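File shown here: structure-v7.cif, holding mmCIF, C-alpha atoms and all ligand atoms.
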data_coords
loop_
_atom_site.group_PDB
_atom_site.id
_atom_site.type_symbol
_atom_site.label_atom_id
_atom_site.label_comp_id
_atom_site.auth_asym_id
_atom_site.auth_seq_id
_atom_site.Cartn_x
_atom_site.Cartn_y
_atom_site.Cartn_z
ATOM 1 C CA MET A 15 38.016 93.357 63.388
ATOM 2 C CA SER A 16 39.076 95.494 60.385
ATOM 3 C CA GLU A 17 40.113 99.103 60.988
ATOM 4 C CA THR A 18 36.985 100.391 59.241
ATOM 5 C CA LYS A 19 34.746 98.218 61.426
ATOM 6 C CA LEU A 20 36.626 99.310 64.564
ATOM 7 C CA PHE A 21 36.159 103.005 63.713
ATOM 8 C CA GLU A 22 32.474 102.386 62.959
ATOM 9 C CA ALA A 23 32.042 100.628 66.333
ATOM 10 C CA MET A 24 33.789 103.558 68.067
ATOM 11 C CA ARG A 25 31.443 105.989 66.343
ATOM 12 C CA GLN A 26 28.412 103.919 67.359
ATOM 13 C CA SER A 27 29.575 103.683 71.007
ATOM 14 C CA VAL A 28 29.359 107.494 71.246
ATOM 15 C CA ILE A 29 25.959 107.612 69.530
ATOM 16 C CA ASP A 30 24.750 104.917 71.963
ATOM 17 C CA GLY A 31 26.280 106.786 74.922
ATOM 18 C CA ALA A 32 28.107 103.605 76.013
ATOM 19 C CA PRO A 33 31.277 104.476 78.006
ATOM 20 C CA GLU A 34 32.320 100.880 78.718
ATOM 21 C CA THR A 35 32.151 99.921 75.043
ATOM 22 C CA ALA A 36 33.907 103.133 74.024
ATOM 23 C CA ARG A 37 36.740 102.443 76.496
ATOM 24 C CA THR A 38 37.126 98.768 75.448
ATOM 25 C CA LEU A 39 37.269 99.751 71.773
ATOM 26 C CA ALA A 40 39.902 102.386 72.538
ATOM 27 C CA GLU A 41 41.961 99.727 74.327
ATOM 28 C CA THR A 42 41.612 97.478 71.282
ATOM 29 C CA GLY A 43 42.778 100.350 69.081
ATOM 30 C CA VAL A 44 45.874 100.891 71.245
ATOM 31 C CA LYS A 45 46.685 97.157 71.375
ATOM 32 C CA THR A 46 46.331 96.668 67.637
ATOM 33 C CA GLY A 47 48.342 99.812 66.844
ATOM 34 C CA VAL A 48 45.762 101.716 64.785
ATOM 35 C CA ASP A 49 46.381 105.369 63.955
ATOM 36 C CA LEU A 50 45.025 106.990 67.131
ATOM 37 C CA LEU A 51 44.224 110.316 65.491
ATOM 38 C CA ARG A 52 42.138 108.525 62.881
ATOM 39 C CA ALA A 53 40.415 106.540 65.641
ATOM 40 C CA ILE A 54 39.542 109.816 67.385
ATOM 41 C CA HIS A 55 38.473 111.629 64.239
ATOM 42 C CA ASP A 56 36.830 108.907 62.110
ATOM 43 C CA GLY A 57 35.469 107.098 65.161
ATOM 44 C CA TYR A 58 34.567 109.055 68.265
ATOM 45 C CA VAL A 59 34.387 112.631 66.894
ATOM 46 C CA SER A 60 32.294 111.406 63.984
ATOM 47 C CA GLY A 61 29.849 109.880 66.522
ATOM 48 C CA MET A 62 29.796 113.158 68.426
ATOM 49 C CA SER A 63 28.973 115.125 65.246
ATOM 50 C CA CYS A 64 26.069 112.770 64.596
ATOM 51 C CA VAL A 65 24.742 113.305 68.144
ATOM 52 C CA GLY A 66 25.104 117.084 67.709
ATOM 53 C CA GLU A 67 23.140 116.961 64.439
ATOM 54 C CA GLN A 68 20.386 114.822 65.975
ATOM 55 C CA PHE A 69 20.205 117.167 68.972
ATOM 56 C CA GLY A 70 19.858 120.114 66.593
ATOM 57 C CA GLN A 71 16.967 118.320 64.854
ATOM 58 C CA ARG A 72 15.335 117.423 68.213
ATOM 59 C CA ARG A 73 15.797 113.712 67.542
ATOM 60 C CA MET A 74 18.140 113.384 70.527
ATOM 61 C CA PHE A 75 17.939 115.251 73.813
ATOM 62 C CA LEU A 76 20.188 116.635 76.538
ATOM 63 C CA PRO A 77 20.608 113.300 78.396
ATOM 64 C CA ASP A 78 21.732 111.702 75.085
ATOM 65 C CA MET A 79 24.305 114.457 74.636
ATOM 66 C CA VAL A 80 25.532 113.957 78.222
ATOM 67 C CA ALA A 81 25.827 110.190 77.674
ATOM 68 C CA ALA A 82 27.668 110.702 74.366
ATOM 69 C CA ALA A 83 30.131 113.008 76.114
ATOM 70 C CA GLU A 84 30.705 110.405 78.848
ATOM 71 C CA ALA A 85 31.454 107.769 76.198
ATOM 72 C CA MET A 86 33.874 110.067 74.403
ATOM 73 C CA LYS A 87 35.609 110.959 77.684
ATOM 74 C CA ALA A 88 35.957 107.261 78.599
ATOM 75 C CA ALA A 89 37.680 106.609 75.262
ATOM 76 C CA MET A 90 39.912 109.668 75.634
ATOM 77 C CA GLY A 91 40.920 108.408 79.091
ATOM 78 C CA VAL A 92 42.629 105.534 77.259
ATOM 79 C CA LEU A 93 43.889 107.442 74.215
ATOM 80 C CA GLU A 94 45.226 110.617 75.872
ATOM 81 C CA PRO A 95 48.018 108.924 77.882
ATOM 82 C CA GLU A 96 49.129 107.202 74.675
ATOM 83 C CA LEU A 97 49.241 110.523 72.815
ATOM 84 C CA ASN A 98 50.927 112.255 75.767
ATOM 85 C CA ARG A 99 53.700 109.682 75.806
ATOM 86 C CA LEU A 100 54.749 110.881 72.359
ATOM 87 C CA GLY A 101 55.454 114.354 73.737
ATOM 88 C CA THR A 102 57.311 113.576 76.946
ATOM 89 C CA GLU A 103 60.760 113.060 75.476
ATOM 90 C CA ARG A 104 60.905 116.274 73.464
ATOM 91 C CA PRO A 105 62.241 119.625 74.662
ATOM 92 C CA SER A 106 59.430 122.150 75.112
ATOM 93 C CA SER A 107 58.676 124.238 72.033
ATOM 94 C CA GLY A 108 56.689 126.853 73.962
ATOM 95 C CA THR A 109 54.073 127.390 76.664
ATOM 96 C CA ILE A 110 50.372 127.423 75.875
ATOM 97 C CA VAL A 111 47.579 128.460 78.217
ATOM 98 C CA LEU A 112 44.309 126.907 77.143
ATOM 99 C CA GLY A 113 40.697 127.080 78.304
ATOM 100 C CA THR A 114 37.043 127.256 77.327
ATOM 101 C CA ALA A 115 35.450 130.710 77.448
ATOM 102 C CA LYS A 116 33.366 131.909 80.372
ATOM 103 C CA GLY A 117 29.839 130.499 80.464
ATOM 104 C CA ASP A 118 30.802 127.484 78.369
ATOM 105 C CA ILE A 119 31.347 123.997 79.808
ATOM 106 C CA HIS A 120 32.230 122.124 76.595
ATOM 107 C CA GLU A 121 35.618 120.562 77.243
ATOM 108 C CA ILE A 122 36.207 117.647 74.873
ATOM 109 C CA GLY A 123 37.537 119.534 71.844
ATOM 110 C CA LYS A 124 39.640 121.911 73.961
ATOM 111 C CA THR A 125 41.142 118.971 75.861
ATOM 112 C CA LEU A 126 41.937 117.199 72.595
ATOM 113 C CA VAL A 127 43.711 120.323 71.311
ATOM 114 C CA GLY A 128 45.745 120.387 74.558
ATOM 115 C CA THR A 129 46.609 116.695 74.300
ATOM 116 C CA LEU A 130 47.882 117.034 70.730
ATOM 117 C CA LEU A 131 49.884 120.139 71.587
ATOM 118 C CA GLY A 132 51.452 118.242 74.511
ATOM 119 C CA ALA A 133 52.163 115.279 72.250
ATOM 120 C CA ASN A 134 53.980 117.664 69.914
ATOM 121 C CA GLY A 135 56.324 118.990 72.569
ATOM 122 C CA PHE A 136 54.481 122.072 73.842
ATOM 123 C CA ARG A 137 54.020 122.744 77.560
ATOM 124 C CA VAL A 138 50.260 123.016 78.027
ATOM 125 C CA HIS A 139 48.488 124.558 80.964
ATOM 126 C CA ASP A 140 44.782 123.713 80.728
ATOM 127 C CA LEU A 141 42.558 126.031 82.780
ATOM 128 C CA GLY A 142 39.458 123.911 82.153
ATOM 129 C CA VAL A 143 36.038 125.280 81.296
ATOM 130 C CA ASP A 144 34.033 128.424 82.100
ATOM 131 C CA VAL A 145 37.220 130.479 82.306
ATOM 132 C CA PRO A 146 36.923 134.254 82.900
ATOM 133 C CA VAL A 147 39.270 136.690 81.143
ATOM 134 C CA GLU A 148 41.128 137.460 84.400
ATOM 135 C CA LYS A 149 42.041 133.807 84.859
ATOM 136 C CA PHE A 150 43.475 133.576 81.322
ATOM 137 C CA ALA A 151 45.496 136.713 82.012
ATOM 138 C CA ALA A 152 46.768 135.590 85.435
ATOM 139 C CA ALA A 153 47.880 132.182 84.128
ATOM 140 C CA ALA A 154 49.496 133.682 81.034
ATOM 141 C CA HIS A 155 51.414 136.066 83.278
ATOM 142 C CA GLU A 156 52.455 133.473 85.845
ATOM 143 C CA LEU A 157 53.604 130.953 83.234
ATOM 144 C CA ARG A 158 55.050 133.521 80.796
ATOM 145 C CA ALA A 159 52.912 131.998 78.081
ATOM 146 C CA ASP A 160 53.746 132.215 74.402
ATOM 147 C CA VAL A 161 50.210 131.514 73.213
ATOM 148 C CA VAL A 162 46.788 131.735 74.854
ATOM 149 C CA GLY A 163 44.050 129.574 73.309
ATOM 150 C CA VAL A 164 40.356 130.198 73.901
ATOM 151 C CA SER A 165 37.803 127.586 72.881
ATOM 152 C CA ALA A 166 34.063 128.291 72.502
ATOM 153 C CA LEU A 167 31.316 125.874 71.461
ATOM 154 C CA LEU A 168 28.336 128.173 71.882
ATOM 155 C CA THR A 169 27.599 131.180 69.699
ATOM 156 C CA THR A 170 26.816 133.055 72.919
ATOM 157 C CA THR A 171 30.248 132.378 74.474
ATOM 158 C CA MET A 172 32.288 133.346 71.409
ATOM 159 C CA ASN A 173 32.159 136.848 72.846
ATOM 160 C CA GLY A 174 34.450 135.599 75.631
ATOM 161 C CA GLN A 175 37.133 135.096 72.977
ATOM 162 C CA LYS A 176 36.775 138.719 71.942
ATOM 163 C CA LYS A 177 37.051 139.837 75.570
ATOM 164 C CA VAL A 178 40.349 137.992 76.053
ATOM 165 C CA ILE A 179 41.787 139.668 72.947
ATOM 166 C CA GLU A 180 40.558 143.094 74.044
ATOM 167 C CA PHE A 181 42.165 142.561 77.455
ATOM 168 C CA PHE A 182 45.537 141.551 75.998
ATOM 169 C CA ASP A 183 45.403 144.541 73.644
ATOM 170 C CA ARG A 184 44.551 146.917 76.494
ATOM 171 C CA GLU A 185 47.471 145.584 78.530
ATOM 172 C CA GLY A 186 49.822 145.995 75.558
ATOM 173 C CA LEU A 187 50.741 142.326 75.530
ATOM 174 C CA ARG A 188 50.135 141.673 71.872
ATOM 175 C CA PRO A 189 51.607 141.045 69.338
ATOM 176 C CA LYS A 190 54.192 139.214 71.458
ATOM 177 C CA ILE A 191 51.599 137.084 73.234
ATOM 178 C CA LYS A 192 49.524 135.368 70.596
ATOM 179 C CA VAL A 193 45.843 134.708 71.196
ATOM 180 C CA ILE A 194 44.225 131.967 69.121
ATOM 181 C CA ILE A 195 40.641 130.770 69.020
ATOM 182 C CA GLY A 196 38.700 127.674 67.989
ATOM 183 C CA GLY A 197 35.536 125.644 68.515
ATOM 184 C CA ALA A 198 32.715 124.354 66.327
ATOM 185 C CA PRO A 199 30.920 127.702 65.683
ATOM 186 C CA VAL A 200 34.133 129.702 65.187
ATOM 187 C CA THR A 201 34.843 130.876 61.647
ATOM 188 C CA ARG A 202 37.787 132.534 59.961
ATOM 189 C CA GLN A 203 35.587 135.589 59.522
ATOM 190 C CA TRP A 204 34.995 135.812 63.299
ATOM 191 C CA ALA A 205 38.707 135.305 63.929
ATOM 192 C CA GLU A 206 39.497 138.214 61.608
ATOM 193 C CA GLU A 207 36.720 140.391 62.984
ATOM 194 C CA ILE A 208 38.036 140.144 66.553
ATOM 195 C CA ARG A 209 41.662 140.324 65.337
ATOM 196 C CA SER A 210 42.833 137.059 66.856
ATOM 197 C CA ASP A 211 46.308 135.817 65.933
ATOM 198 C CA GLY A 212 44.876 132.662 64.448
ATOM 199 C CA PHE A 213 42.049 130.210 64.203
ATOM 200 C CA ALA A 214 42.107 126.428 63.850
ATOM 201 C CA LYS A 215 39.201 124.282 62.773
ATOM 202 C CA ASP A 216 40.511 121.126 64.458
ATOM 203 C CA ALA A 217 43.180 119.868 66.836
ATOM 204 C CA VAL A 218 45.657 118.900 64.113
ATOM 205 C CA SER A 219 45.553 122.349 62.514
ATOM 206 C CA ALA A 220 45.791 123.921 65.992
ATOM 207 C CA VAL A 221 49.196 122.243 66.412
ATOM 208 C CA ALA A 222 50.379 123.573 63.031
ATOM 209 C CA LEU A 223 49.117 127.059 63.926
ATOM 210 C CA VAL A 224 50.804 127.118 67.345
ATOM 211 C CA ARG A 225 54.032 125.809 65.830
ATOM 212 C CA ARG A 226 54.023 128.611 63.246
ATOM 213 C CA LEU A 227 53.210 131.300 65.833
ATOM 214 C CA THR A 228 55.879 130.177 68.320
ATOM 215 C CA GLN A 229 58.473 130.032 65.549
ATOM 216 C CA GLU A 230 57.556 133.556 64.427
ATOM 217 C CA LYS A 231 57.657 134.688 68.043
ATOM 218 C CA GLY A 232 61.145 133.234 68.462
ATOM 219 C CA ASP A 233 62.280 135.757 65.877
ATOM 220 C CA VAL A 234 61.005 138.684 67.988
ATOM 221 C CA ALA A 235 63.452 139.698 70.718
ATOM 222 C CA GLY A 236 62.510 140.443 74.322
ATOM 223 C CA SER A 237 59.886 139.262 76.793
ATOM 224 C CA PRO A 238 56.587 141.116 77.184
ATOM 225 C CA TRP A 239 56.456 140.039 80.823
ATOM 226 C CA PRO A 240 58.051 142.245 83.484
ATOM 227 C CA ASP A 241 60.423 140.306 85.807
HETATM 228 CO CO1 LIG A 301 26.351 121.109 73.806
HETATM 229 N N1 LIG A 301 25.891 122.199 72.243
HETATM 230 N N2 LIG A 301 25.199 122.220 74.927
HETATM 231 N N3 LIG A 301 26.810 119.883 75.202
HETATM 232 N N4 LIG A 301 27.149 120.035 72.467
HETATM 233 C C1 LIG A 301 26.601 121.921 71.006
HETATM 234 C C2 LIG A 301 27.870 122.768 70.897
HETATM 235 C C3 LIG A 301 25.514 122.305 69.913
HETATM 236 C C4 LIG A 301 26.108 122.739 68.557
HETATM 237 C C5 LIG A 301 24.508 121.139 69.734
HETATM 238 C C6 LIG A 301 23.418 121.459 68.731
HETATM 239 O O1 LIG A 301 22.532 122.241 69.003
HETATM 240 N N5 LIG A 301 23.459 120.870 67.549
HETATM 241 C C7 LIG A 301 24.749 123.465 70.666
HETATM 242 C C8 LIG A 301 25.289 124.885 70.459
HETATM 243 C C9 LIG A 301 24.404 125.724 69.594
HETATM 244 C C10 LIG A 301 24.971 127.093 69.398
HETATM 245 O O2 LIG A 301 25.362 127.792 70.280
HETATM 246 N N6 LIG A 301 24.991 127.484 68.159
HETATM 247 C C11 LIG A 301 24.859 123.015 72.102
HETATM 248 C C12 LIG A 301 23.997 123.436 73.145
HETATM 249 C C13 LIG A 301 22.796 124.265 72.722
HETATM 250 C C14 LIG A 301 24.210 123.107 74.499
HETATM 251 C C15 LIG A 301 23.387 123.535 75.708
HETATM 252 C C16 LIG A 301 22.940 125.008 75.715
HETATM 253 C C17 LIG A 301 22.186 122.569 75.799
HETATM 254 C C18 LIG A 301 21.184 122.881 76.876
HETATM 255 O O3 LIG A 301 21.493 122.935 78.046
HETATM 256 N N7 LIG A 301 19.962 123.062 76.456
HETATM 257 C C19 LIG A 301 24.369 123.231 76.892
HETATM 258 C C20 LIG A 301 25.275 124.433 77.197
HETATM 259 C C21 LIG A 301 26.084 124.222 78.425
HETATM 260 C C22 LIG A 301 27.144 125.310 78.602
HETATM 261 O O4 LIG A 301 28.238 125.202 78.053
HETATM 262 N N8 LIG A 301 26.839 126.354 79.353
HETATM 263 C C23 LIG A 301 25.156 122.118 76.297
HETATM 264 C C24 LIG A 301 25.721 121.096 77.059
HETATM 265 C C25 LIG A 301 26.435 120.034 76.545
HETATM 266 C C26 LIG A 301 26.897 118.831 77.373
HETATM 267 C C27 LIG A 301 27.349 119.227 78.770
HETATM 268 C C28 LIG A 301 25.749 117.866 77.463
HETATM 269 C C29 LIG A 301 27.985 118.213 76.436
HETATM 270 C C30 LIG A 301 29.436 118.679 76.742
HETATM 271 C C31 LIG A 301 30.129 117.731 77.716
HETATM 272 C C32 LIG A 301 31.581 118.039 77.887
HETATM 273 O O5 LIG A 301 32.256 118.690 77.092
HETATM 274 N N9 LIG A 301 32.063 117.518 78.994
HETATM 275 C C33 LIG A 301 27.583 118.755 75.075
HETATM 276 C C34 LIG A 301 28.021 118.212 73.830
HETATM 277 C C35 LIG A 301 28.754 116.893 73.906
HETATM 278 C C36 LIG A 301 27.770 118.852 72.589
HETATM 279 C C37 LIG A 301 28.099 118.357 71.154
HETATM 280 C C38 LIG A 301 27.092 117.268 70.805
HETATM 281 C C39 LIG A 301 29.497 117.813 70.934
HETATM 282 C C40 LIG A 301 30.657 118.744 71.345
HETATM 283 C C41 LIG A 301 31.939 117.943 71.284
HETATM 284 O O6 LIG A 301 32.473 117.520 72.307
HETATM 285 N N10 LIG A 301 32.413 117.631 70.048
HETATM 286 C C42 LIG A 301 27.905 119.705 70.311
HETATM 287 C C43 LIG A 301 27.494 119.472 68.876
HETATM 288 C C44 LIG A 301 28.656 119.600 67.930
HETATM 289 O O7 LIG A 301 29.620 120.272 68.157
HETATM 290 N N11 LIG A 301 28.547 118.967 66.799
HETATM 291 C C45 LIG A 301 27.083 120.518 71.212
HETATM 292 C C46 LIG A 301 33.610 116.807 69.819
HETATM 293 C C47 LIG A 301 34.860 117.694 69.866
HETATM 294 C C48 LIG A 301 36.097 116.837 69.611
HETATM 295 O O8 LIG A 301 34.731 118.657 68.847
HETATM 296 O O9 LIG A 301 34.405 120.532 70.518
HETATM 297 O O10 LIG A 301 34.115 120.959 68.026
HETATM 298 P P1 LIG A 301 34.796 120.250 69.120
HETATM 299 O O11 LIG A 301 36.364 120.540 69.043
HETATM 300 C C49 LIG A 301 37.105 120.431 67.828
HETATM 301 C C50 LIG A 301 37.164 121.745 67.020
HETATM 302 O O12 LIG A 301 36.065 122.590 67.219
HETATM 303 C C51 LIG A 301 38.475 122.340 67.410
HETATM 304 O O13 LIG A 301 39.308 121.211 67.632
HETATM 305 C C52 LIG A 301 38.525 120.188 68.274
HETATM 306 C C53 LIG A 301 39.086 118.850 67.929
HETATM 307 O O14 LIG A 301 39.186 118.630 66.534
HETATM 308 N N12 LIG A 301 38.595 123.190 68.600
HETATM 309 C C54 LIG A 301 39.620 124.083 68.706
HETATM 310 C C55 LIG A 301 37.887 123.242 69.733
HETATM 311 N N13 LIG A 301 38.383 124.128 70.561
HETATM 312 C C56 LIG A 301 39.468 124.675 69.969
HETATM 313 C C57 LIG A 301 40.364 125.656 70.388
HETATM 314 C C58 LIG A 301 41.399 126.018 69.528
HETATM 315 C C59 LIG A 301 41.529 125.433 68.285
HETATM 316 C C60 LIG A 301 40.652 124.451 67.842
HETATM 317 O O15 LIG A 301 42.299 126.950 69.837
HETATM 318 C C61 LIG A 301 42.236 127.590 71.090
#
Show the structure stored in the file as structure tokens.
Amino acid sequence: MSETKLFEAMRQSVIDGAPETARTLAETGVKTGVDLLRAIHDGYVSGMSCVGEQFGQRRMFLPDMVAAAEAMKAAMGVLEPELNRLGTERPSSGTIVLGTAKGDIHEIGKTLVGTLLGANGFRVHDLGVDVPVEKFAAAAHELRADVVGVSALLTTTMNGQKKVIEFFDREGLRPKIKVIIGGAPVTRQWAEEIRSDGFAKDAVSAVALVRRLTQEKGDVAGSPWPD
């Protein structure tokens, strides 16, 4: 199967909500040595965008969206360990605490961001979904995080991103602890409005952003965390 046909089949497996097919195609991708990021982006994520559009137009419904997510997760179950392997031999470039904002259970994009950060040598602590501000703060404190990342997929839960930033400001932890945001509805304008330290539209740009922020942070002396 050509690469283009493989990516198209991956895309279709998500639209069809077919986890077994999605997993088998991911295995084929690994075996044949295709570019895994392209497989994720041009294949599975593209299928997910189509499902999202159809859901928005009421041509697909909640069970279709659930099935699509299961297919994507099955594929990521194969691809994530492959991506993780790339990161295991590198020294850590910084610690990132990551999670999806309170009230929001979308996990796929956030998990992908975490996987790529891990693959690029960052130590990632993923708090999962529906994460309250206090949990972000406790984990950041315990792990002496360099960057905290808050994902939101719903316009209603974007406010959770603002709350995390307000908390870190109140506690005097910024600018040394960087707070970044992302997720499908998040815009640069929102990122500026809530004074986040950065915004990334996808997982690849999230890695570039975190790399830049941790390098900048390395130039600032001292730890914001009391011993
Ligand atoms: Co939901 N959902 N969903 N959903 N869902 C959306 C987000 C929606 C846009 C669909 C639509 O209407 N067209 C819509 C939101 C509308 C809005 O608020 N404006 C929506 C809705 C309405 C809902 C429910 C309310 C539906 C209902 O119950 N009636 C409900 C809410 C539940 C809740 O959270 N409380 C709901 C539920 C679900 C499922 C559970 C069925 C499922 C999620 C399953 C799971 O994650 N385990 C689901 C899905 C799958 C989607 C869509 C179709 C796909 C999301 C996804 O995984 N995309 C989505 C439509 C869409 O986004 N096109 C939709 C693939 C993923 C790789 O992309 O998450 O965007 P994404 O992540 C990208 C970037 O955004 C970025 O990098 C990632 C990788 O490139 N990024 C970051 C993400 N986080 C980042 C953090 C960063 C940096 C970059 O730094 C910290």
| task | Name the closest residue to Phe75 of chain A among the candidates A:Gly31, A:Asn134, A:Arg25, A:Val111; distances are taken between atoms, counting all atoms listed in the file. | result | A:Gly31
| request: Can you tell me which residues come within 6 Å of ligand LIG 301 (chain A) when counting only C-alpha atoms and all ligand atoms, ideally as a VMD selection string? | output: chain A and resid 59 62 to 63 65 to 67 69 to 70 76 79 to 80 83 117 to 124 126 to 127 163 to 165 167 to 169 194 to 198 214 to 217 220
| message | Here's the selection I'm unsure about, the PyMOL selection byres (((chain A and resi 209) around 10) and not hetatm); applied to the file above, which residues does it give, as a PyMOL selection string? | response | chain A and resi 176+179-180+193-194+203-208+210-212
| Point-to-point distance from atom CA of Gln175 of chain A to atom CA of Arg52 of chain A, Å rounded to tenths |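 For atom CA of Gln175 of chain A relative to atom CA of Arg52 of chain A, the distance reads 28.9 Å.
Counting only C-alpha atoms and comparing A:Gly142, A:Gly108, A:Gly57, A:Pro95, the residue that lies closest to Arg226 of chain A is A:Gly108.
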| task | Using atom CA of Arg137 of chain A and atom CA of Ala159 of chain A as the two end points, give the distance in Å to one decimal. | result |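 One can read the atom CA of Arg137 of chain A to atom CA of Ala159 of chain A distance as 9.3 Å.
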| said: Would you compute the distance between atom CA of Val138 of chain A and atom CA of Glu84 of chain A? Give it in Å to one decimal. | reply: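 Computed distance, atom CA of Val138 of chain A to atom CA of Glu84 of chain A, equals 23.3 Å.
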| field | Nearest residue to Ala115 of chain A from the set A:Cys64, A:Leu39, A:Met172, A:Leu51 (distances using only C-alpha atoms) | value |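 Residue with the minimum atom-to-atom distance to Ala115 of chain A: A:Met172.
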| task | Would you write out, as a PyMOL selection string, every residue that the PyMOL selection byres (((chain A and resi 33) around 10) and not hetatm) captures in this file? | result | chain A and resi 27-28+30-32+34-39+81-89
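Checking A:Lys177, A:Arg225, A:Arg158, A:Lys190 one by one against Leu130 of chain A, counting only C-alpha atoms, you find the shortest gap at A:Arg225.
Considering all atoms listed in the file, the residue among A:Glu94, A:Asp78, A:Asp183, A:Asp160 positioned nearest to Leu112 of chain A is A:Asp160.
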| task | Give the answer as one residue: which of A:Gln71, A:Ser60, A:Thr129, A:Ser219 has the shortest atom-to-atom distance to Arg99 of chain A, using only C-alpha atoms? | result |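 Among the listed residues, the smallest separation from Arg99 of chain A belongs to A:Thr129.
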| request: Could you pull out every residue with an atom within 9 Å of (52.2, 140.1, 75.8), file coordinates, counting only C-alpha atoms, and send them as a ChimeraX atom specification? | output: /A:154-155,158-160,182-183,185-192,237-239
Box dimensions and centre (Å, one decimal) enclosing segment 145-152 of chain A, axis-aligned, 4 Å extra per side, as JSON:
{"center_x": 41.8, "center_y": 134.0, "center_z": 83.3, "size_x": 17.8, "size_y": 15.0, "size_z": 12.3}
If I only have part of segment 157-162 of chain A, can you fill in all heavy atoms and write it as an mmCIF file, keeping the file's coordinate frame?
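Saved to selection-v4.cif:
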data_model
loop_
_atom_site.group_PDB
_atom_site.id
_atom_site.type_symbol
_atom_site.label_atom_id
_atom_site.label_comp_id
_atom_site.auth_asym_id
_atom_site.auth_seq_id
_atom_site.Cartn_x
_atom_site.Cartn_y
_atom_site.Cartn_z
ATOM 1 N N LEU A 157 52.851 131.990 83.974
ATOM 2 C CA LEU A 157 53.604 130.953 83.234
ATOM 3 C C LEU A 157 54.432 131.534 82.097
ATOM 4 O O LEU A 157 55.072 130.805 81.365
ATOM 5 C CB LEU A 157 52.622 129.920 82.673
ATOM 6 C CG LEU A 157 51.815 129.184 83.733
ATOM 7 C CD1 LEU A 157 50.569 128.557 83.132
ATOM 8 C CD2 LEU A 157 52.668 128.124 84.405
ATOM 9 N N ARG A 158 54.364 132.850 81.919
ATOM 10 C CA ARG A 158 55.050 133.521 80.796
ATOM 11 C C ARG A 158 54.701 132.815 79.484
ATOM 12 O O ARG A 158 55.576 132.321 78.750
ATOM 13 C CB ARG A 158 56.551 133.542 81.020
ATOM 14 C CG ARG A 158 56.938 134.502 82.133
ATOM 15 C CD ARG A 158 58.361 134.326 82.577
ATOM 16 N NE ARG A 158 58.971 135.553 83.039
ATOM 17 C CZ ARG A 158 58.628 136.212 84.131
ATOM 18 N NH1 ARG A 158 57.626 135.786 84.866
ATOM 19 N NH2 ARG A 158 59.244 137.310 84.474
ATOM 20 N N ALA A 159 53.411 132.760 79.236
ATOM 21 C CA ALA A 159 52.912 131.998 78.081
ATOM 22 C C ALA A 159 53.331 132.614 76.754
ATOM 23 O O ALA A 159 53.497 133.833 76.638
ATOM 24 C CB ALA A 159 51.389 131.930 78.148
ATOM 25 N N ASP A 160 53.492 131.752 75.769
ATOM 26 C CA ASP A 160 53.746 132.215 74.402
ATOM 27 C C ASP A 160 52.432 132.402 73.654
ATOM 28 O O ASP A 160 52.272 133.320 72.868
ATOM 29 C CB ASP A 160 54.592 131.177 73.651
ATOM 30 C CG ASP A 160 55.935 130.981 74.318
ATOM 31 O OD1 ASP A 160 56.713 131.938 74.337
ATOM 32 O OD2 ASP A 160 56.187 129.883 74.864
ATOM 33 N N VAL A 161 51.494 131.480 73.921
ATOM 34 C CA VAL A 161 50.210 131.514 73.213
ATOM 35 C C VAL A 161 49.096 131.253 74.221
ATOM 36 O O VAL A 161 49.233 130.417 75.114
ATOM 37 C CB VAL A 161 50.155 130.419 72.110
ATOM 38 C CG1 VAL A 161 48.798 130.404 71.414
ATOM 39 C CG2 VAL A 161 51.268 130.610 71.089
ATOM 40 N N VAL A 162 47.993 131.986 74.062
ATOM 41 C CA VAL A 162 46.788 131.735 74.854
ATOM 42 C C VAL A 162 45.710 131.259 73.875
ATOM 43 O O VAL A 162 45.493 131.893 72.837
ATOM 44 C CB VAL A 162 46.339 133.023 75.583
ATOM 45 C CG1 VAL A 162 44.961 132.846 76.210
ATOM 46 C CG2 VAL A 162 47.352 133.399 76.650
#
